[in-house]
Each structure stands twice: as C-alpha cells, then as structure tokens.
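Asks: Just input.pdb, nothing more (PDB, C-alpha atoms):
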MODEL        1
ATOM      1  CA  MET G   1      13.670 -27.264 -13.856  1.00  0.00           C
ATOM      2  CA  ASP G   2      10.889 -24.766 -14.488  1.00  0.00           C
ATOM      3  CA  PHE G   3      11.250 -21.034 -14.144  1.00  0.00           C
ATOM      4  CA  GLU G   4       8.560 -18.468 -13.571  1.00  0.00           C
ATOM      5  CA  LEU G   5       8.866 -15.236 -15.549  1.00  0.00           C
ATOM      6  CA  ILE G   6       7.771 -12.264 -13.457  1.00  0.00           C
ATOM      7  CA  GLU G   7       7.730  -8.974 -15.314  1.00  0.00           C
ATOM      8  CA  ASP G   8       8.296  -6.809 -12.251  1.00  0.00           C
ATOM      9  CA  ARG G   9      11.650  -5.515 -11.023  1.00  0.00           C
ATOM     10  CA  GLN G  10      10.296  -4.214  -7.710  1.00  0.00           C
ATOM     11  CA  GLY G  11       7.865  -6.872  -6.511  1.00  0.00           C
ATOM     12  CA  PRO G  12       8.323  -9.213  -3.545  1.00  0.00           C
ATOM     13  CA  GLU G  13      10.366 -11.728  -5.530  1.00  0.00           C
ATOM     14  CA  ALA G  14      12.768  -9.041  -6.792  1.00  0.00           C
ATOM     15  CA  ARG G  15      13.107  -7.693  -3.243  1.00  0.00           C
ATOM     16  CA  ALA G  16      13.826 -11.188  -1.909  1.00  0.00           C
ATOM     17  CA  ILE G  17      16.505 -11.714  -4.566  1.00  0.00           C
ATOM     18  CA  GLY G  18      18.088  -8.402  -3.555  1.00  0.00           C
ATOM     19  CA  GLU G  19      17.989  -9.330   0.130  1.00  0.00           C
ATOM     20  CA  ASN G  20      19.653 -12.674  -0.574  1.00  0.00           C
ATOM     21  CA  LEU G  21      22.312 -11.009  -2.714  1.00  0.00           C
ATOM     22  CA  THR G  22      22.986  -8.539   0.108  1.00  0.00           C
ATOM     23  CA  ALA G  23      23.344 -11.413   2.585  1.00  0.00           C
ATOM     24  CA  HIS G  24      25.816 -13.105   0.242  1.00  0.00           C
ATOM     25  CA  ARG G  25      27.858  -9.885  -0.081  1.00  0.00           C
ATOM     26  CA  ILE G  26      27.966  -9.483   3.686  1.00  0.00           C
ATOM     27  CA  GLY G  27      29.168 -13.053   4.059  1.00  0.00           C
ATOM     28  CA  ALA G  28      31.839 -12.619   1.390  1.00  0.00           C
ATOM     29  CA  LEU G  29      33.054  -9.173   2.468  1.00  0.00           C
ATOM     30  CA  GLY G  30      32.479  -9.276   6.216  1.00  0.00           C
ATOM     31  CA  PHE G  31      30.506  -6.025   6.149  1.00  0.00           C
ATOM     32  CA  GLU G  32      27.360  -4.634   4.610  1.00  0.00           C
ATOM     33  CA  PRO G  33      28.110  -2.460   1.578  1.00  0.00           C
ATOM     34  CA  VAL G  34      26.575   0.977   1.880  1.00  0.00           C
ATOM     35  CA  SER G  35      25.044   2.693  -1.137  1.00  0.00           C
ATOM     36  CA  GLN G  36      25.563   6.441  -1.202  1.00  0.00           C
ATOM     37  CA  PRO G  37      23.239   7.913  -3.852  1.00  0.00           C
ATOM     38  CA  ILE G  38      24.221  10.848  -6.023  1.00  0.00           C
ATOM     39  CA  CYS G  39      21.682  12.821  -8.058  1.00  0.00           C
ATOM     40  CA  LEU G  40      22.718  16.056  -9.746  1.00  0.00           C
ATOM     41  CA  VAL G  41      20.292  18.225 -11.701  1.00  0.00           C
ATOM     42  CA  HIS G  42      20.480  21.389 -13.789  1.00  0.00           C
ATOM     43  CA  ARG G  43      17.254  23.343 -14.244  1.00  0.00           C
ATOM     44  CA  ALA G  44      16.031  26.144 -16.467  1.00  0.00           C
ATOM     45  CA  PRO G  45      14.913  29.339 -14.721  1.00  0.00           C
ATOM     46  CA  ASP G  46      11.315  28.085 -15.005  1.00  0.00           C
ATOM     47  CA  GLY G  47      12.245  24.870 -13.162  1.00  0.00           C
ATOM     48  CA  ARG G  48      12.316  22.515 -16.144  1.00  0.00           C
ATOM     49  CA  LEU G  49      14.906  19.768 -15.885  1.00  0.00           C
ATOM     50  CA  LEU G  50      17.632  20.310 -18.501  1.00  0.00           C
ATOM     51  CA  ALA G  51      20.341  17.889 -17.380  1.00  0.00           C
ATOM     52  CA  GLY G  52      20.842  15.254 -14.753  1.00  0.00           C
ATOM     53  CA  LEU G  53      23.050  12.500 -13.445  1.00  0.00           C
ATOM     54  CA  VAL G  54      22.002   9.604 -11.207  1.00  0.00           C
ATOM     55  CA  GLY G  55      24.435   7.200  -9.617  1.00  0.00           C
ATOM     56  CA  GLU G  56      25.670   5.627  -6.442  1.00  0.00           C
ATOM     57  CA  VAL G  57      28.933   5.189  -4.617  1.00  0.00           C
ATOM     58  CA  MET G  58      29.244   1.610  -3.420  1.00  0.00           C
ATOM     59  CA  LEU G  59      32.278  -0.540  -2.688  1.00  0.00           C
ATOM     60  CA  GLU G  60      34.572   2.463  -3.243  1.00  0.00           C
ATOM     61  CA  TRP G  61      33.392   3.177  -6.805  1.00  0.00           C
ATOM     62  CA  LEU G  62      30.853   5.559  -8.307  1.00  0.00           C
ATOM     63  CA  TYR G  63      28.550   3.858 -10.772  1.00  0.00           C
ATOM     64  CA  VAL G  64      26.818   6.358 -13.072  1.00  0.00           C
ATOM     65  CA  GLU G  65      23.464   4.802 -13.865  1.00  0.00           C
ATOM     66  CA  LYS G  66      21.897   7.639 -15.854  1.00  0.00           C
ATOM     67  CA  PHE G  67      23.370  10.815 -17.373  1.00  0.00           C
ATOM     68  CA  TRP G  68      21.432  13.100 -19.689  1.00  0.00           C
ATOM     69  CA  VAL G  69      21.856  16.604 -21.094  1.00  0.00           C
ATOM     70  CA  ASP G  70      19.114  18.256 -23.143  1.00  0.00           C
ATOM     71  CA  ASP G  71      19.995  18.686 -26.812  1.00  0.00           C
ATOM     72  CA  SER G  72      19.718  22.480 -26.448  1.00  0.00           C
ATOM     73  CA  LEU G  73      22.652  22.501 -23.993  1.00  0.00           C
ATOM     74  CA  ARG G  74      25.018  20.031 -25.632  1.00  0.00           C
ATOM     75  CA  GLY G  75      28.434  21.394 -26.481  1.00  0.00           C
ATOM     76  CA  GLN G  76      28.189  24.161 -23.867  1.00  0.00           C
ATOM     77  CA  GLY G  77      30.135  22.456 -21.073  1.00  0.00           C
ATOM     78  CA  ILE G  78      27.161  21.490 -18.879  1.00  0.00           C
ATOM     79  CA  GLY G  79      27.907  17.781 -19.222  1.00  0.00           C
ATOM     80  CA  THR G  80      31.600  18.292 -18.511  1.00  0.00           C
ATOM     81  CA  ARG G  81      30.869  20.320 -15.383  1.00  0.00           C
ATOM     82  CA  MET G  82      28.195  17.895 -14.187  1.00  0.00           C
ATOM     83  CA  LEU G  83      30.481  14.888 -14.658  1.00  0.00           C
ATOM     84  CA  ALA G  84      33.260  16.697 -12.751  1.00  0.00           C
ATOM     85  CA  ALA G  85      30.795  17.543  -9.954  1.00  0.00           C
ATOM     86  CA  ALA G  86      29.746  13.885  -9.736  1.00  0.00           C
ATOM     87  CA  GLU G  87      33.386  12.805  -9.571  1.00  0.00           C
ATOM     88  CA  ASP G  88      34.042  15.345  -6.803  1.00  0.00           C
ATOM     89  CA  ALA G  89      30.992  14.140  -4.859  1.00  0.00           C
ATOM     90  CA  ALA G  90      32.194  10.552  -5.261  1.00  0.00           C
ATOM     91  CA  LYS G  91      35.691  11.417  -4.026  1.00  0.00           C
ATOM     92  CA  ALA G  92      34.152  13.109  -0.987  1.00  0.00           C
ATOM     93  CA  ARG G  93      32.341   9.816  -0.284  1.00  0.00           C
ATOM     94  CA  GLY G  94      35.567   7.813  -0.475  1.00  0.00           C
ATOM     95  CA  ALA G  95      35.371   6.582  -4.067  1.00  0.00           C
ATOM     96  CA  VAL G  96      38.573   5.645  -5.884  1.00  0.00           C
ATOM     97  CA  GLY G  97      37.021   5.823  -9.343  1.00  0.00           C
ATOM     98  CA  VAL G  98      33.939   5.731 -11.527  1.00  0.00           C
ATOM     99  CA  THR G  99      32.370   3.266 -13.944  1.00  0.00           C
ATOM    100  CA  LEU G 100      29.518   3.673 -16.395  1.00  0.00           C
ATOM    101  CA  ASN G 101      27.949   2.249 -19.516  1.00  0.00           C
ATOM    102  CA  THR G 102      27.126   4.106 -22.719  1.00  0.00           C
ATOM    103  CA  SER G 103      26.223   3.205 -26.278  1.00  0.00           C
ATOM    104  CA  SER G 104      27.844   4.051 -29.586  1.00  0.00           C
ATOM    105  CA  PHE G 105      24.879   6.318 -30.407  1.00  0.00           C
ATOM    106  CA  GLN G 106      25.348   8.179 -27.134  1.00  0.00           C
ATOM    107  CA  ALA G 107      28.640   9.552 -25.825  1.00  0.00           C
ATOM    108  CA  PRO G 108      31.707   7.278 -25.953  1.00  0.00           C
ATOM    109  CA  ALA G 109      33.899  10.081 -27.354  1.00  0.00           C
ATOM    110  CA  PHE G 110      32.795  12.386 -24.510  1.00  0.00           C
ATOM    111  CA  TYR G 111      34.001   9.924 -21.875  1.00  0.00           C
ATOM    112  CA  ARG G 112      37.274   9.241 -23.668  1.00  0.00           C
ATOM    113  CA  ARG G 113      37.950  13.016 -23.730  1.00  0.00           C
ATOM    114  CA  HIS G 114      37.485  13.038 -19.959  1.00  0.00           C
ATOM    115  CA  GLY G 115      40.036  10.319 -19.263  1.00  0.00           C
ATOM    116  CA  TYR G 116      37.779   7.277 -19.218  1.00  0.00           C
ATOM    117  CA  ALA G 117      39.217   3.984 -20.476  1.00  0.00           C
ATOM    118  CA  GLU G 118      37.170   1.409 -22.335  1.00  0.00           C
ATOM    119  CA  LEU G 119      36.886  -1.656 -20.109  1.00  0.00           C
ATOM    120  CA  GLY G 120      34.678  -3.678 -22.398  1.00  0.00           C
ATOM    121  CA  ARG G 121      32.401  -3.613 -25.414  1.00  0.00           C
ATOM    122  CA  LEU G 122      29.291  -5.532 -26.403  1.00  0.00           C
ATOM    123  CA  GLU G 123      28.629  -5.656 -30.141  1.00  0.00           C
ATOM    124  CA  GLY G 124      25.057  -5.596 -31.410  1.00  0.00           C
ATOM    125  CA  ARG G 125      23.308  -3.794 -28.556  1.00  0.00           C
ATOM    126  CA  PRO G 126      21.190  -2.842 -30.419  1.00  0.00           C
ATOM    127  CA  ALA G 127      21.894  -4.171 -33.908  1.00  0.00           C
ATOM    128  CA  GLY G 128      24.433  -1.973 -35.672  1.00  0.00           C
ATOM    129  CA  HIS G 129      25.635  -0.400 -32.403  1.00  0.00           C
ATOM    130  CA  GLN G 130      27.853  -1.206 -29.450  1.00  0.00           C
ATOM    131  CA  ARG G 131      27.477  -0.918 -25.695  1.00  0.00           C
ATOM    132  CA  PHE G 132      30.607   0.287 -23.902  1.00  0.00           C
ATOM    133  CA  TRP G 133      31.763  -0.109 -20.318  1.00  0.00           C
ATOM    134  CA  PHE G 134      34.091   2.711 -19.250  1.00  0.00           C
ATOM    135  CA  GLY G 135      36.081   3.323 -16.104  1.00  0.00           C
ATOM    136  CA  LYS G 136      38.317   5.966 -14.625  1.00  0.00           C
ATOM    137  CA  ARG G 137      40.465   5.888 -11.499  1.00  0.00           C
ATOM    138  CA  PHE G 138      40.849   9.168  -9.653  1.00  0.00           C
ATOM    139  CA  ASP G 139      44.541   8.489  -8.975  1.00  0.00           C
ATOM    140  CA  GLY G 140      45.287   8.458 -12.708  1.00  0.00           C
ATOM    141  CA  LYS G 141      46.138   4.750 -12.837  1.00  0.00           C
ATOM    142  CA  ASP G 142      44.715   2.611 -15.603  1.00  0.00           C
ATOM    143  CA  PRO G 143      41.418   1.120 -14.322  1.00  0.00           C
ATOM    144  CA  ARG G 144      42.092  -2.052 -16.309  1.00  0.00           C
ATOM    145  CA  THR G 145      45.267  -2.823 -14.368  1.00  0.00           C
ATOM    146  CA  GLY G 146      44.928  -0.867 -11.139  1.00  0.00           C
TER
ENDMDL
END
So, in terms of structure tokens, how does the structure I just supplied come out?
Replies:
Amino acid sequence: MDFELIEDRQGPEARAIGENLTAHRIGALGFEPVSQPICLVHRAPDGRLLAGLVGEVMLEWLYVEKFWVDDSLRGQGIGTRMLAAAEDAAKARGAVGVTLNTSSFQAPAFYRRHGYAELGRLEGRPAGHQRFWFGKRFDGKDPRTG
C-alpha cells in the first residue's frame, strides 16, 4: 500500500479526515461533540501580549493546547491566575476536568503544584527531555482512576 505525504494540516485532505473522524464520533456517541473554545490573554498597557492560554472544552474536558507567560512575568502569579480562570471558564461550560501536555523543560512542577496528576510520560521528546500528560478533575478525584 502506498501513502501520499501531504505537508499541510489544513488542506482539503486534512479537512476530509476531520469530517470523517467527526462522523465516526457521532456514530459512536450518538451525538455530535461540540467544541467550546477558550482563549485568555493578558496584555501590557501598550497592548503587547504578555501571557495567553488557548484550549477547548469538548466531551466534558478542557484540553489546554497552548499556555505561555512572558519571562518578565514568571513567578508573579499571572500563570496561576490564568490557569484558575481557564478552569473556571471550563467549569461554566460543563467540564469535569482538564488535561494538557508539557515538557520537562517547560512547567511540570507548576502543574503538580496546582493539583495536576501525571497521566503519562514520553521519554526522549526531544532527546534528553520528557513530554508529560497531566490531568486534573474538578471534583478532587484522581483523574487516573475517576
């Protein structure tokens, strides 16, 4: 079997794959999952972006796709407050918890301090580092066992 490599995540083939995946989900679940986007930003007085979080609530969980705080603001509580605001927004949209990925050179200790449990780890992404999958249930239960 031959495969065609297409270096485009948004072209017609990628859209068709997404549409077919959506149809499969609808068939399996009996309803169409709804994505509820969340984008939080913190700006300097001059309008420059200094921190932000992008995610979506889908299938009762918030997935944090991107979360960044400028180096000049780290350690000042901006990240903590932004993460709490995202969790509150997710709860308001019916989420029962949150999942996210981070790397060993990013912020695993930050998430552990905020009650996130390590769900999985991938060694060597990139070489010499690890990629972590974290989760947190809003009811305080362990996300690994429910």
Asks: Given the PyMOL selection byres ((chain G and resi 80) around 12) and the file above, list the residues it selects as a count of residues only.
Replies: 27
Asks: Tell me which residues the PyMOL selection byres ((chain G and resi 33-41) around 6) grabs here, as a PDB file with C-alpha atoms, in the coordinates of the input.
Replies:
ATOM      1  CA  GLU G  32      27.360  -4.634   4.610  1.00  0.00           C
ATOM      2  CA  HIS G  42      20.480  21.389 -13.789  1.00  0.00           C
ATOM      3  CA  ALA G  51      20.341  17.889 -17.380  1.00  0.00           C
ATOM      4  CA  GLY G  52      20.842  15.254 -14.753  1.00  0.00           C
ATOM      5  CA  LEU G  53      23.050  12.500 -13.445  1.00  0.00           C
ATOM      6  CA  VAL G  54      22.002   9.604 -11.207  1.00  0.00           C
ATOM      7  CA  GLY G  55      24.435   7.200  -9.617  1.00  0.00           C
ATOM      8  CA  GLU G  56      25.670   5.627  -6.442  1.00  0.00           C
ATOM      9  CA  VAL G  57      28.933   5.189  -4.617  1.00  0.00           C
ATOM     10  CA  MET G  58      29.244   1.610  -3.420  1.00  0.00           C
TER      11      MET G  58
END
Asks: Have a look at atom CA of Ala95 of chain G and atom CA of Leu62 of chain G and let me know their distance in Å, one decimal.
Replies: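 Going from atom CA of Ala95 of chain G over to atom CA of Leu62 of chain G covers 6.3 Å.
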Asks: Rounded to one decimal, what separation in Å do you get between atom CA of Lys141 of chain G and atom CA of Ala90 of chain G?
Replies: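 These atoms are spaced 16.9 Å apart.
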Asks: Between atom CA of Gln130 of chain G and atom CA of Ser103 of chain G, measure the distance and give it in Å to one decimal.
Replies: 5.7 Å
Asks: For Pro143 of chain G, which residue out of G:Ala28, G:Met1, G:Ala16, G:Val98 is the nearest one, using all atoms listed in the file?
Replies: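 Of G:Ala28, G:Met1, G:Ala16, G:Val98, the one nearest Pro143 of chain G, counting all atoms listed in the file, is G:Val98.
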Asks: Go ahead and fit an axis-aligned box to every listed atom of segment 38-49 of chain G plus 4 Å each side, and pass me the centre and edge lengths in Å, one decimal, as JSON.
Replies:
{"center_x": 17.8, "center_y": 20.1, "center_z": -11.2, "size_x": 20.9, "size_y": 26.5, "size_z": 18.4}
Asks: Can you give me, as a ChimeraX atom specification, the residues this file yields under the PyMOL selection byres ((chain G and resi 120) around 8)?
Replies: /G:118-119,121-122,132-134
Asks: Pick the closest to Gly94 of chain G from G:Leu59, G:Ala23, G:Ile17, G:Ala109: which is it, counting all atoms listed in the file?
Replies: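 Looking at the shortest contact to Gly94 of chain G, the residue is G:Leu59.
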